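Visitor: For reference, this is start-v4.cif, and it has mmCIF, C-alpha atoms.
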```cif
data_run
loop_
_atom_site.label_atom_id
_atom_site.label_comp_id
_atom_site.auth_asym_id
_atom_site.auth_seq_id
_atom_site.Cartn_x
_atom_site.Cartn_y
_atom_site.Cartn_z
CA MET H 14 -27.25 -7.54 7.99
CA THR H 15 -24.72 -8.30 5.30
CA ILE H 16 -25.77 -10.93 2.86
CA PRO H 17 -23.14 -12.36 0.53
CA HIS H 18 -23.79 -11.49 -3.09
CA ASP H 19 -24.36 -14.32 -5.49
CA SER H 20 -22.80 -13.42 -8.84
CA SER H 21 -24.24 -16.44 -10.65
CA ILE H 22 -27.60 -16.34 -12.40
CA ARG H 23 -30.06 -18.60 -10.63
CA ASP H 24 -32.97 -20.37 -12.27
CA VAL H 25 -35.56 -19.47 -9.64
CA VAL H 26 -35.68 -17.00 -6.80
CA ILE H 27 -38.74 -17.08 -4.55
CA LEU H 28 -39.72 -13.98 -2.59
CA GLY H 29 -41.53 -14.96 0.63
CA SER H 30 -41.59 -18.06 2.81
CA GLY H 31 -45.21 -18.73 3.72
CA PRO H 32 -47.12 -21.78 2.48
CA ALA H 33 -47.00 -20.54 -1.15
CA GLY H 34 -43.28 -19.73 -1.22
CA LEU H 35 -42.20 -22.89 0.58
CA THR H 36 -44.38 -25.14 -1.58
CA ALA H 37 -42.89 -23.47 -4.66
CA ALA H 38 -39.47 -24.16 -3.09
CA ILE H 39 -40.27 -27.85 -2.57
CA TYR H 40 -41.45 -28.28 -6.17
CA THR H 41 -38.67 -26.28 -7.84
CA ALA H 42 -36.04 -27.97 -5.67
CA ARG H 43 -37.35 -31.38 -6.68
CA ALA H 44 -37.18 -30.20 -10.30
CA SER H 45 -33.43 -29.56 -9.75
CA LEU H 46 -33.82 -25.80 -10.18
CA SER H 47 -31.88 -25.03 -6.95
CA PRO H 48 -34.30 -22.35 -5.72
CA VAL H 49 -33.24 -19.52 -3.43
CA VAL H 50 -35.91 -18.29 -1.00
CA VAL H 51 -35.73 -14.70 0.24
CA GLU H 52 -37.51 -15.50 3.47
CA GLY H 53 -38.22 -12.16 5.16
CA GLU H 54 -37.17 -10.84 8.54
CA PRO H 55 -38.42 -11.34 12.12
CA SER H 56 -41.37 -9.26 13.23
CA SER H 57 -44.31 -9.49 15.62
CA THR H 58 -46.76 -9.10 12.75
CA SER H 59 -47.63 -11.73 10.15
CA ASP H 60 -45.04 -10.14 7.80
CA GLN H 61 -42.27 -12.54 8.88
CA PRO H 62 -40.57 -15.78 7.77
CA GLY H 63 -43.25 -18.47 7.64
CA GLY H 64 -46.00 -15.88 7.18
CA GLN H 65 -49.36 -15.57 8.82
CA LEU H 66 -49.42 -19.10 10.25
CA MET H 67 -46.51 -18.16 12.52
CA LEU H 68 -48.96 -16.22 14.69
CA THR H 69 -51.70 -18.84 14.81
CA THR H 70 -52.06 -21.70 17.20
CA GLU H 71 -54.02 -24.77 16.15
CA VAL H 72 -54.64 -25.19 12.41
CA GLU H 73 -57.59 -27.55 12.10
CA ASN H 74 -58.31 -27.39 8.37
CA TYR H 75 -54.99 -28.25 6.77
CA PRO H 76 -55.59 -31.66 5.16
CA GLY H 77 -53.60 -34.57 6.49
CA PHE H 78 -53.59 -33.57 10.16
CA VAL H 79 -56.42 -35.44 11.84
CA ASP H 80 -55.83 -33.79 15.21
CA GLY H 81 -54.76 -30.40 13.85
CA VAL H 82 -51.27 -28.95 13.80
CA MET H 83 -49.70 -25.84 15.30
CA GLY H 84 -49.14 -23.12 12.69
CA PRO H 85 -45.42 -22.60 13.45
CA ASP H 86 -44.83 -26.38 13.47
CA LEU H 87 -46.50 -26.71 10.08
CA MET H 88 -44.31 -23.99 8.59
CA ALA H 89 -41.17 -25.49 10.14
CA ALA H 90 -42.10 -28.77 8.42
CA PHE H 91 -42.66 -27.00 5.05
CA ARG H 92 -39.24 -25.38 5.36
CA ALA H 93 -37.45 -28.57 6.39
CA GLN H 94 -39.07 -30.43 3.49
CA SER H 95 -37.85 -27.82 0.98
CA GLU H 96 -34.33 -27.90 2.50
CA ARG H 97 -34.26 -31.66 2.18
CA PHE H 98 -34.36 -31.17 -1.60
CA GLY H 99 -31.77 -28.42 -1.62
CA ALA H 100 -33.69 -25.14 -1.34
CA GLN H 101 -31.48 -22.34 -0.03
CA PHE H 102 -32.58 -19.48 2.19
CA VAL H 103 -31.54 -15.85 2.35
CA PRO H 104 -32.56 -14.09 5.56
CA GLY H 105 -33.99 -10.63 4.98
CA LYS H 106 -36.38 -8.80 2.72
CA ALA H 107 -36.13 -7.81 -0.89
CA ARG H 108 -35.77 -4.00 -0.95
CA ARG H 109 -35.71 -3.56 -4.70
CA VAL H 110 -36.40 -5.72 -7.72
CA ASP H 111 -35.49 -4.96 -11.33
CA MET H 112 -38.05 -6.67 -13.53
CA SER H 113 -37.20 -4.95 -16.81
CA ALA H 114 -35.94 -8.21 -18.34
CA SER H 115 -34.91 -11.71 -17.35
CA PRO H 116 -32.53 -12.29 -15.61
CA PHE H 117 -34.19 -10.22 -12.90
CA SER H 118 -32.14 -8.54 -10.18
CA ILE H 119 -33.02 -8.65 -6.49
CA TRP H 120 -31.48 -6.51 -3.77
CA VAL H 121 -31.90 -7.97 -0.29
CA ASP H 122 -31.68 -5.65 2.70
CA ASP H 123 -28.52 -3.75 1.88
CA ASP H 124 -27.52 -1.04 -0.57
CA PRO H 125 -30.12 -0.91 -3.34
CA GLU H 126 -27.68 1.04 -5.51
CA GLY H 127 -24.87 -1.50 -5.31
CA ALA H 128 -24.60 -4.86 -7.05
CA PRO H 129 -27.75 -6.96 -6.76
CA THR H 130 -27.78 -9.67 -4.09
CA LEU H 131 -29.31 -12.20 -6.46
CA ARG H 132 -30.07 -12.56 -10.14
CA SER H 133 -32.55 -15.04 -11.47
CA ARG H 134 -34.09 -16.14 -14.76
CA ALA H 135 -37.52 -16.74 -13.21
CA LEU H 136 -39.08 -15.11 -10.18
CA ILE H 137 -41.89 -16.33 -7.95
CA VAL H 138 -43.54 -13.60 -5.88
CA SER H 139 -45.16 -14.97 -2.73
CA THR H 140 -44.70 -12.12 -0.28
CA GLY H 141 -48.16 -12.67 1.21
CA ALA H 142 -50.35 -10.25 3.08
CA ARG H 143 -50.06 -8.61 6.46
CA SER H 144 -52.67 -7.68 9.03
CA LEU H 145 -54.28 -4.29 8.75
CA MET H 146 -54.14 -2.01 11.75
CA LEU H 147 -56.77 0.55 12.72
CA GLY H 148 -54.44 3.42 11.91
CA LEU H 149 -55.13 5.41 15.09
CA GLU H 150 -52.41 7.49 16.75
CA SER H 151 -53.33 5.89 20.07
CA GLU H 152 -52.92 2.45 18.56
CA SER H 153 -49.24 2.93 17.68
CA ARG H 154 -48.57 4.81 20.92
CA LEU H 155 -49.99 1.95 23.01
CA LEU H 156 -48.52 -0.90 20.96
CA GLY H 157 -46.93 -3.25 23.47
CA HIS H 158 -48.80 -1.52 26.28
CA GLY H 159 -52.14 -3.20 25.80
CA VAL H 160 -52.40 -3.04 22.02
CA SER H 161 -51.12 -6.26 20.51
CA THR H 162 -50.49 -7.65 17.03
CA CYS H 163 -49.94 -11.19 18.33
CA ALA H 164 -52.60 -12.92 20.43
CA THR H 165 -50.51 -16.06 20.86
CA CYS H 166 -47.61 -13.96 22.18
CA ASP H 167 -49.49 -11.62 24.45
CA GLY H 168 -52.72 -13.33 25.59
CA PHE H 169 -50.87 -14.47 28.71
CA PHE H 170 -50.55 -10.88 29.96
CA PHE H 171 -54.33 -10.45 30.03
CA ARG H 172 -55.14 -13.19 32.49
CA GLY H 173 -58.19 -12.15 34.51
CA LYS H 174 -58.65 -8.96 32.47
CA GLU H 175 -61.19 -7.58 30.03
CA ILE H 176 -60.12 -7.07 26.44
CA ALA H 177 -61.41 -6.31 22.95
CA VAL H 178 -60.90 -8.09 19.64
CA VAL H 179 -61.72 -5.97 16.62
CA GLY H 180 -62.98 -7.75 13.49
CA GLY H 181 -65.55 -10.28 12.32
CA GLY H 182 -63.69 -12.79 10.16
CA ASP H 183 -62.14 -16.14 10.99
CA SER H 184 -58.95 -14.53 12.31
CA ALA H 185 -60.87 -12.30 14.70
CA VAL H 186 -63.09 -15.10 15.99
CA GLU H 187 -60.15 -17.47 16.36
CA GLU H 188 -58.24 -14.85 18.34
CA ALA H 189 -61.28 -14.12 20.51
CA LEU H 190 -61.73 -17.82 21.30
CA PHE H 191 -58.04 -18.24 22.06
CA LEU H 192 -58.04 -15.19 24.32
CA THR H 193 -60.96 -16.50 26.43
CA LYS H 194 -58.36 -18.86 27.94
CA PHE H 195 -56.90 -15.82 29.67
CA ALA H 196 -59.33 -12.91 29.68
CA THR H 197 -62.51 -13.00 31.74
CA LYS H 198 -64.39 -11.07 29.07
CA VAL H 199 -63.68 -10.61 25.38
CA ASN H 200 -65.58 -7.86 23.53
CA LEU H 201 -65.80 -8.83 19.88
CA ILE H 202 -66.21 -5.55 18.02
CA HIS H 203 -67.59 -5.76 14.51
CA ARG H 204 -68.80 -3.03 12.21
CA ARG H 205 -71.61 -5.20 10.80
CA ASP H 206 -74.48 -7.06 12.45
CA GLN H 207 -73.19 -10.51 11.56
CA LEU H 208 -69.87 -12.31 11.40
CA ARG H 209 -67.95 -13.14 8.23
CA ALA H 210 -66.28 -16.07 9.98
CA SER H 211 -66.97 -19.68 8.98
CA LYS H 212 -70.01 -21.38 10.50
CA ILE H 213 -68.03 -23.64 12.83
CA MET H 214 -66.09 -20.67 14.24
CA GLN H 215 -69.30 -18.68 14.65
CA GLN H 216 -70.96 -21.51 16.55
CA ARG H 217 -68.00 -21.78 18.90
CA ALA H 218 -68.00 -18.04 19.49
CA PHE H 219 -71.74 -17.87 20.18
CA ALA H 220 -71.43 -20.81 22.60
CA ASN H 221 -68.65 -19.14 24.58
CA ASP H 222 -70.06 -17.08 27.42
CA ARG H 223 -66.87 -15.06 27.84
CA ILE H 224 -67.37 -13.48 24.41
CA VAL H 225 -69.65 -10.44 24.22
CA PHE H 226 -70.63 -9.21 20.76
CA ARG H 227 -70.69 -5.51 20.02
CA TRP H 228 -72.35 -5.26 16.64
CA ASN H 229 -72.40 -2.28 14.27
CA SER H 230 -69.48 -0.78 16.15
CA VAL H 231 -66.19 0.74 15.13
CA VAL H 232 -63.28 1.73 17.37
CA GLU H 233 -62.99 5.49 17.30
CA ASP H 234 -60.13 5.71 19.76
CA ILE H 235 -58.10 3.72 22.25
CA VAL H 236 -57.80 5.42 25.62
CA GLY H 237 -54.87 5.23 27.99
CA ASN H 238 -51.77 6.94 29.32
CA GLY H 239 -48.92 4.48 29.50
CA SER H 240 -51.23 1.52 29.01
CA VAL H 241 -54.67 0.83 27.59
CA SER H 242 -57.55 1.73 29.90
CA GLY H 243 -60.46 1.62 27.46
CA ILE H 244 -61.85 2.14 23.99
CA ILE H 245 -64.35 4.55 22.51
CA LEU H 246 -66.84 2.84 20.21
CA ARG H 247 -69.02 4.55 17.65
CA ASP H 248 -72.33 2.97 16.68
CA THR H 249 -72.44 2.79 12.87
CA LEU H 250 -76.26 3.06 12.84
CA ASP H 251 -76.97 6.04 15.07
CA GLY H 252 -73.49 7.53 15.53
CA SER H 253 -73.67 7.33 19.34
CA ARG H 254 -70.49 6.84 21.31
CA THR H 255 -69.79 4.39 24.13
CA THR H 256 -66.68 4.07 26.28
CA VAL H 257 -65.74 0.56 27.37
CA ASP H 258 -63.19 0.16 30.16
CA LEU H 259 -60.75 -2.60 29.33
CA ASP H 260 -57.05 -3.50 29.38
CA GLY H 261 -56.18 -4.88 25.98
CA VAL H 262 -56.96 -4.49 22.28
CA PHE H 263 -56.27 -7.09 19.59
CA VAL H 264 -56.88 -6.05 15.99
CA ALA H 265 -57.94 -8.54 13.28
CA ILE H 266 -59.75 -6.44 10.71
CA GLY H 267 -58.31 -7.91 7.55
CA HIS H 268 -55.23 -7.97 5.40
CA VAL H 269 -53.33 -5.92 2.88
CA PRO H 270 -51.00 -7.51 0.30
CA ASN H 271 -47.24 -6.98 0.61
CA THR H 272 -46.85 -5.53 -2.87
CA ALA H 273 -45.43 -2.02 -2.37
CA LEU H 274 -42.16 -3.28 -3.83
CA PHE H 275 -43.85 -4.20 -7.12
CA GLU H 276 -45.83 -1.01 -7.71
CA GLY H 277 -45.37 0.10 -11.28
CA LEU H 278 -43.68 -3.21 -12.12
CA LEU H 279 -46.55 -5.72 -11.98
CA ASP H 280 -50.22 -5.22 -12.82
CA MET H 281 -52.35 -5.14 -9.69
CA ASP H 282 -56.00 -4.68 -8.82
CA ALA H 283 -57.31 -1.58 -7.05
CA ASN H 284 -56.41 -3.09 -3.66
CA GLY H 285 -52.84 -3.88 -4.57
CA TYR H 286 -53.24 -7.61 -5.18
CA ILE H 287 -51.11 -8.90 -8.07
CA LEU H 288 -53.18 -9.91 -11.08
CA THR H 289 -52.51 -13.41 -12.45
CA ARG H 290 -53.72 -15.26 -15.52
CA ASP H 291 -53.04 -18.56 -17.26
CA GLY H 292 -52.31 -20.08 -13.87
CA THR H 293 -49.83 -17.92 -11.99
CA ARG H 294 -48.41 -15.69 -14.74
CA THR H 295 -48.15 -11.99 -13.98
CA SER H 296 -47.93 -9.05 -16.38
CA VAL H 297 -44.15 -9.60 -16.61
CA ASP H 298 -42.90 -12.58 -18.57
CA GLY H 299 -40.99 -14.91 -16.23
CA VAL H 300 -42.51 -13.52 -13.04
CA PHE H 301 -45.10 -15.70 -11.33
CA ALA H 302 -47.23 -14.92 -8.27
CA ALA H 303 -48.68 -17.30 -5.70
CA GLY H 304 -50.48 -17.20 -2.38
CA ASP H 305 -52.19 -14.31 -0.61
CA VAL H 306 -50.24 -11.73 -2.60
CA GLN H 307 -52.59 -12.51 -5.52
CA ASP H 308 -55.61 -13.91 -3.67
CA HIS H 309 -57.98 -11.87 -1.56
CA ARG H 310 -60.73 -14.40 -1.86
CA TYR H 311 -59.68 -17.77 -0.43
CA ARG H 312 -56.61 -16.91 1.68
CA GLN H 313 -56.17 -20.40 3.10
CA ALA H 314 -52.91 -22.19 3.86
CA VAL H 315 -53.95 -25.00 1.53
CA THR H 316 -54.93 -22.71 -1.36
CA SER H 317 -51.68 -20.78 -0.91
CA ALA H 318 -49.70 -24.00 -0.97
CA GLY H 319 -51.67 -25.09 -4.05
CA SER H 320 -50.90 -21.90 -5.94
CA GLY H 321 -47.24 -22.16 -4.86
CA CYS H 322 -47.15 -25.56 -6.54
CA MET H 323 -48.76 -24.05 -9.65
CA ALA H 324 -46.18 -21.25 -9.75
CA ALA H 325 -43.35 -23.78 -9.46
CA ILE H 326 -44.70 -25.83 -12.36
CA ASP H 327 -45.37 -22.70 -14.43
CA ALA H 328 -41.84 -21.43 -13.78
CA GLU H 329 -40.30 -24.80 -14.57
CA ARG H 330 -42.14 -25.01 -17.91
CA TRP H 331 -41.33 -21.40 -18.73
CA LEU H 332 -37.63 -22.06 -18.10
CA ALA H 333 -37.73 -25.23 -20.19
CA ALA H 334 -39.41 -23.40 -23.08
CA ARG H 335 -36.72 -20.72 -23.01
CA GLU H 336 -33.82 -23.12 -22.90
CA GLY H 337 -31.65 -22.55 -25.96
CA ALA H 338 -33.33 -19.25 -26.69
CA GLU H 339 -31.13 -16.21 -27.25
CA PRO H 340 -30.13 -14.50 -24.01
CA GLY H 341 -32.29 -11.47 -23.55
CA ASN H 342 -34.95 -12.86 -25.86
CA THR H 343 -38.24 -11.82 -24.35
CA ASP H 344 -41.03 -13.89 -25.77
CA THR H 345 -43.68 -11.59 -24.46
CA LEU H 346 -47.09 -13.00 -23.76
CA ALA H 347 -50.32 -11.19 -24.36
CA THR H 348 -50.00 -7.85 -22.63
CA ALA H 349 -52.07 -6.48 -19.80
CA GLY H 350 -55.53 -5.24 -20.54
CA GLU H 351 -57.19 -8.55 -21.11
CA PRO H 352 -59.45 -9.51 -18.25
CA ALA H 353 -57.29 -10.99 -15.57
CA GLN H 354 -58.25 -14.29 -14.10
CA ARG H 355 -60.05 -13.24 -10.93
CA ARG H 356 -62.40 -15.56 -9.23
CA MET G 9 -20.99 -17.81 24.17
CA ALA G 10 -22.64 -19.05 27.33
CA GLU G 11 -20.81 -16.47 29.45
CA ASP G 12 -22.38 -13.64 27.50
CA VAL G 13 -25.92 -14.72 28.29
CA VAL G 14 -27.20 -14.91 31.86
CA THR G 15 -30.51 -16.49 32.82
CA LEU G 16 -32.43 -14.13 35.11
CA SER G 17 -35.24 -14.88 37.53
CA ASP G 18 -37.55 -12.98 39.88
CA GLY G 19 -35.10 -13.90 42.64
CA SER G 20 -31.82 -12.97 40.95
CA PHE G 21 -32.94 -10.01 38.84
CA ASP G 22 -32.03 -7.04 41.05
CA GLU G 23 -28.73 -8.51 42.18
CA GLU G 24 -27.62 -9.27 38.61
CA LEU G 25 -28.66 -5.84 37.38
CA MET G 26 -27.05 -3.81 40.12
CA GLY G 27 -23.91 -5.95 40.06
CA SER G 28 -23.37 -5.44 36.35
CA ALA G 29 -20.69 -2.94 35.31
CA LYS G 30 -21.85 -3.07 31.68
CA PRO G 31 -25.38 -2.27 30.49
CA ILE G 32 -27.52 -5.38 30.42
CA LEU G 33 -30.06 -6.13 27.71
CA VAL G 34 -32.90 -8.23 29.11
CA ASP G 35 -34.86 -10.42 26.70
CA PHE G 36 -38.38 -11.03 28.08
CA TRP G 37 -39.59 -14.24 26.42
CA ALA G 38 -41.69 -17.38 26.79
CA GLU G 39 -41.76 -20.85 25.32
CA TRP G 40 -45.10 -20.31 23.57
CA CYS G 41 -44.05 -17.11 21.81
CA GLY G 42 -43.04 -17.74 18.18
CA PRO G 43 -41.49 -14.32 17.48
CA CYS G 44 -39.42 -14.72 20.69
CA LYS G 45 -37.84 -17.86 19.28
CA LYS G 46 -37.09 -16.03 16.04
CA ILE G 47 -35.07 -13.32 17.75
CA ALA G 48 -33.36 -15.57 20.34
CA PRO G 49 -30.48 -16.49 17.98
CA ILE G 50 -30.15 -12.82 16.93
CA VAL G 51 -29.89 -11.76 20.57
CA GLU G 52 -27.21 -14.41 21.12
CA GLU G 53 -25.26 -13.12 18.13
CA ILE G 54 -25.45 -9.60 19.56
CA ALA G 55 -24.22 -10.98 22.90
CA VAL G 56 -21.10 -12.34 21.21
CA GLU G 57 -20.44 -9.34 18.96
CA GLU G 58 -21.10 -6.68 21.60
CA THR G 59 -19.51 -8.52 24.51
CA ASP G 60 -17.27 -5.50 25.31
CA ARG G 61 -20.20 -3.13 25.67
CA LEU G 62 -23.13 -5.28 26.72
CA ARG G 63 -24.38 -8.26 28.70
CA ILE G 64 -27.51 -10.18 27.81
CA GLY G 65 -30.07 -11.45 30.31
CA LYS G 66 -32.88 -13.86 29.47
CA LEU G 67 -36.04 -13.69 31.53
CA ASN G 68 -38.82 -16.24 31.06
CA VAL G 69 -42.03 -14.31 31.81
CA ASP G 70 -43.99 -17.50 32.40
CA ASP G 71 -41.75 -18.52 35.31
CA ASN G 72 -40.97 -14.98 36.48
CA PRO G 73 -44.14 -12.90 36.36
CA ASP G 74 -43.02 -10.41 39.04
CA VAL G 75 -40.24 -8.77 37.05
CA ALA G 76 -42.39 -8.71 33.90
CA ARG G 77 -45.19 -6.99 35.83
CA ARG G 78 -42.81 -4.53 37.49
CA PHE G 79 -41.61 -3.29 34.11
CA GLU G 80 -45.10 -3.42 32.64
CA VAL G 81 -44.20 -5.93 29.97
CA MET G 82 -47.47 -6.67 28.16
CA SER G 83 -46.12 -7.90 24.86
CA ILE G 84 -43.27 -10.24 24.05
CA PRO G 85 -40.64 -10.30 22.84
CA THR G 86 -39.70 -7.14 24.72
CA LEU G 87 -36.05 -6.16 25.10
CA ILE G 88 -35.17 -3.68 27.84
CA LEU G 89 -31.69 -2.18 28.15
CA PHE G 90 -30.72 -1.42 31.77
CA LYS G 91 -27.75 0.49 33.17
CA ASP G 92 -27.31 0.67 36.96
CA GLY G 93 -30.87 -0.56 37.33
CA GLN G 94 -32.29 2.24 35.17
CA VAL G 95 -34.17 1.67 31.93
CA LEU G 96 -32.19 3.11 28.99
CA ALA G 97 -34.25 1.73 26.13
CA ARG G 98 -37.20 -0.52 25.44
CA ILE G 99 -37.78 -2.45 22.21
CA VAL G 100 -41.14 -4.15 21.71
CA GLY G 101 -41.71 -6.85 19.11
CA ALA G 102 -39.47 -9.01 16.98
CA LYS G 103 -37.18 -7.17 14.58
CA SER G 104 -34.27 -7.87 12.29
CA LYS G 105 -30.76 -7.79 13.70
CA ARG G 106 -30.02 -4.56 11.86
CA GLN G 107 -33.11 -2.87 13.31
CA LEU G 108 -32.27 -4.08 16.83
CA LEU G 109 -28.71 -2.76 16.56
CA ASP G 110 -29.99 0.56 15.19
CA ASP G 111 -32.33 0.86 18.18
CA LEU G 112 -29.59 -0.04 20.68
CA GLN G 113 -26.70 1.93 19.21
CA PRO G 114 -27.60 5.40 20.63
CA HIS G 115 -27.67 3.94 24.16
CA LEU G 116 -24.35 2.08 24.09
#
```
Would it be possible to restate this file's structure as structure tokens?

Guide:
Amino acid sequence: MTIPHDSSIRDVVILGSGPAGLTAAIYTARASLSPVVVEGEPSSTSDQPGGQLMLTTEVENYPGFVDGVMGPDLMAAFRAQSERFGAQFVPGKARRVDMSASPFSIWVDDDPEGAPTLRSRALIVSTGARSLMLGLESESRLLGHGVSTCATCDGFFFRGKEIAVVGGGDSAVEEALFLTKFATKVNLIHRRDQLRASKIMQQRAFANDRIVFRWNSVVEDIVGNGSVSGIILRDTLDGSRTTVDLDGVFVAIGHVPNTALFEGLLDMDANGYILTRDGTRTSVDGVFAAGDVQDHRYRQAVTSAGSGCMAAIDAERWLAAREGAEPGNTDTLATAGEPAQRR
Amino acid sequence: MAEDVVTLSDGSFDEELMGSAKPILVDFWAEWCGPCKKIAPIVEEIAVEETDRLRIGKLNVDDNPDVARRFEVMSIPTLILFKDGQVLARIVGAKSKRQLLDDLQPHL
């Protein structure tokens, strides 16, 4: 994809278009900062424009929607709202970022050695997190042949069949409940003896007689030639192995932040989440982080949106404080090493 | 643009495929599939740009389960490239336009 280069220096570029990025876009657009959002590229994982909510169905806990709202509809509304105030969108992913000094340079999709696609005084990083996979050879071989990254896309193909959902958090339980509309039996496979999911989701799962819980179990392998025919489970307590015959596997074992691009550039914790302090400031002056890319604890659409708003306000104030300053003047804040603001 | 994209069904599938001089790229999709909607405009762009080398067929798996089952489609979006009724390539999952073209190029 060829994206026209923008030779001007923008005030704000936002990387990522989930709830955090789009809320930052709404706020910075309303502050007349003409934000540009690098929105990502299509995929069948949560690493796509709109983020993780693009793969969910009913969102019941986003305030303001009495009867719930569909995840993709909510993100379409976020985007339309930001466009109404003049936010611009660049399709594609940032491949390289130069953060050595403001203005920062961003290369989107094409030649990372050529001229940068965008340059910006302030940068908001909201690239989110993507679902973890099991990492088995059989998993990638059988992807699209019984192994799925998208329950809303593929549940339909498992009508009348037996399947497995791997994981014990809200995402796993929500997927399991959704999939009971199609599958006759859903094995919920969890490595512990209790769920991490919220109480209301747990109650719904326990009340659903199509869901069978397989506690203290990990998936050792997925079996099948051409398509999934079963899974091999290992009991975490006694090490015994069980084979379960089934037709589909959905994985929801957690998330990993999309921060590979910023390694060596921004301070991160041991798991790759960007460290923030004083609101949404990162270890680089003028770079702010919002949403799941810096939050492994709450990971809600509403908290992401909230931190996107914070990043927008932080960036706006930072830009205002710099106005009139010498170009290239880097009024460095306290450097890394102080305890980062982790909750 | 409309001429480049043909709507396929369980009933018309074989006839359209066998009657096509050019390879035909079939987009297996459904209304409830978000990633399918994301790649639909990309597939239409490819239809226009590659009109000399390629035709595009759209197959709604909800309305046409037989063809989807026959080609063992268990995840959508799936794109399958056919020539003379034979499968040349199969692309599972939504991807960027560049990735889709990279995947198709060796078969065109």

Visitor: Would you give me, as JSON lines, each residue of chain G having an atom within 9 Å of an atom of chain H, along with its shortest atom pair and that distance in Å to one decimal, using only C-alpha atoms and sorting by chain and residue number?

Guide:
```
{"residue": "G:Ala38", "atom": "CA", "partner": "H:Cys166", "partner_atom": "CA", "distance": 8.2}
{"residue": "G:Trp40", "atom": "CA", "partner": "H:Cys166", "partner_atom": "CA", "distance": 7.0}
{"residue": "G:Cys41", "atom": "CA", "partner": "H:Cys166", "partner_atom": "CA", "distance": 4.8}
{"residue": "G:Gly42", "atom": "CA", "partner": "H:Met67", "partner_atom": "CA", "distance": 6.7}
{"residue": "G:Pro43", "atom": "CA", "partner": "H:Ser57", "partner_atom": "CA", "distance": 5.9}
{"residue": "G:Cys44", "atom": "CA", "partner": "H:Cys166", "partner_atom": "CA", "distance": 8.4}
{"residue": "G:Lys46", "atom": "CA", "partner": "H:Pro55", "partner_atom": "CA", "distance": 6.3}
{"residue": "G:Ile47", "atom": "CA", "partner": "H:Pro55", "partner_atom": "CA", "distance": 6.8}
{"residue": "G:Asp70", "atom": "CA", "partner": "H:Phe169", "partner_atom": "CA", "distance": 8.4}
{"residue": "G:Arg77", "atom": "CA", "partner": "H:Phe170", "partner_atom": "CA", "distance": 8.8}
{"residue": "G:Glu80", "atom": "CA", "partner": "H:His158", "partner_atom": "CA", "distance": 7.6}
{"residue": "G:Val81", "atom": "CA", "partner": "H:His158", "partner_atom": "CA", "distance": 7.4}
{"residue": "G:Met82", "atom": "CA", "partner": "H:Phe170", "partner_atom": "CA", "distance": 5.5}
{"residue": "G:Ser83", "atom": "CA", "partner": "H:Gly157", "partner_atom": "CA", "distance": 4.9}
{"residue": "G:Ile84", "atom": "CA", "partner": "H:Cys166", "partner_atom": "CA", "distance": 6.0}
{"residue": "G:Pro85", "atom": "CA", "partner": "H:Cys166", "partner_atom": "CA", "distance": 7.9}
{"residue": "G:Thr86", "atom": "CA", "partner": "H:Gly157", "partner_atom": "CA", "distance": 8.3}
{"residue": "G:Val100", "atom": "CA", "partner": "H:Gly157", "partner_atom": "CA", "distance": 6.1}
{"residue": "G:Gly101", "atom": "CA", "partner": "H:Ser57", "partner_atom": "CA", "distance": 5.1}
{"residue": "G:Ala102", "atom": "CA", "partner": "H:Ser56", "partner_atom": "CA", "distance": 4.2}
{"residue": "G:Lys103", "atom": "CA", "partner": "H:Ser56", "partner_atom": "CA", "distance": 4.9}
{"residue": "G:Ser104", "atom": "CA", "partner": "H:Pro55", "partner_atom": "CA", "distance": 5.4}
{"residue": "G:Lys105", "atom": "CA", "partner": "H:Met14", "partner_atom": "CA", "distance": 6.7}
{"residue": "G:Arg106", "atom": "CA", "partner": "H:Met14", "partner_atom": "CA", "distance": 5.6}
```

Visitor: I'd like the residues picked by the PyMOL selection byres ((chain G and resi 92) around 10) written out as a ChimeraX atom specification, using the chain letters and numbers from the file.

Guide: /G:22,25-32,90-91,93-96

Visitor: Using the selection just defined, write its residues with C-alpha atoms as a tab-separated table (two decimals), in the frame of the given file.

Guide:
```tsv
chain	number	residue	atom	x	y	z
G	22	ASP	CA	-32.03	-7.04	41.05
G	25	LEU	CA	-28.66	-5.84	37.38
G	26	MET	CA	-27.05	-3.81	40.12
G	27	GLY	CA	-23.91	-5.95	40.06
G	28	SER	CA	-23.37	-5.44	36.35
G	29	ALA	CA	-20.69	-2.94	35.31
G	30	LYS	CA	-21.85	-3.07	31.68
G	31	PRO	CA	-25.38	-2.27	30.49
G	32	ILE	CA	-27.52	-5.38	30.42
G	90	PHE	CA	-30.72	-1.42	31.77
G	91	LYS	CA	-27.75	0.49	33.17
G	93	GLY	CA	-30.87	-0.56	37.33
G	94	GLN	CA	-32.29	2.24	35.17
G	95	VAL	CA	-34.17	1.67	31.93
G	96	LEU	CA	-32.19	3.11	28.99
```

Visitor: Which residues match the PyMOL selection byres ((chain H and resi 202) around 7) in the file above, as a PyMOL selection string?

Guide: chain H and resi 177-180+200-201+203-204+226-228+230-231

Visitor: From (-17.8, -5.7, 29.6), in the file's coordinates, out to 12 Å: which residues are reached, counting all atoms listed in the file? Answer as a list in words.

Guide: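 The residues near that point, listed by chain and number, are Glu11, Asp12, Ser28, Ala29, Lys30, Pro31, Ile32, Ala55, Val56, Glu57, Glu58, Thr59, Asp60, Arg61, Leu62, Arg63, Ile64 and Leu116 of chain G.
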
Visitor: If we count only C-alpha atoms and set the cut-off at 9 Å, which residues sit around G:Ala76, ignoring sequence neighbours fewer than 6 positions away in its own chain? Please answer as a VMD selection string.

Guide: chain G and resid 18 36 67 to 69 82
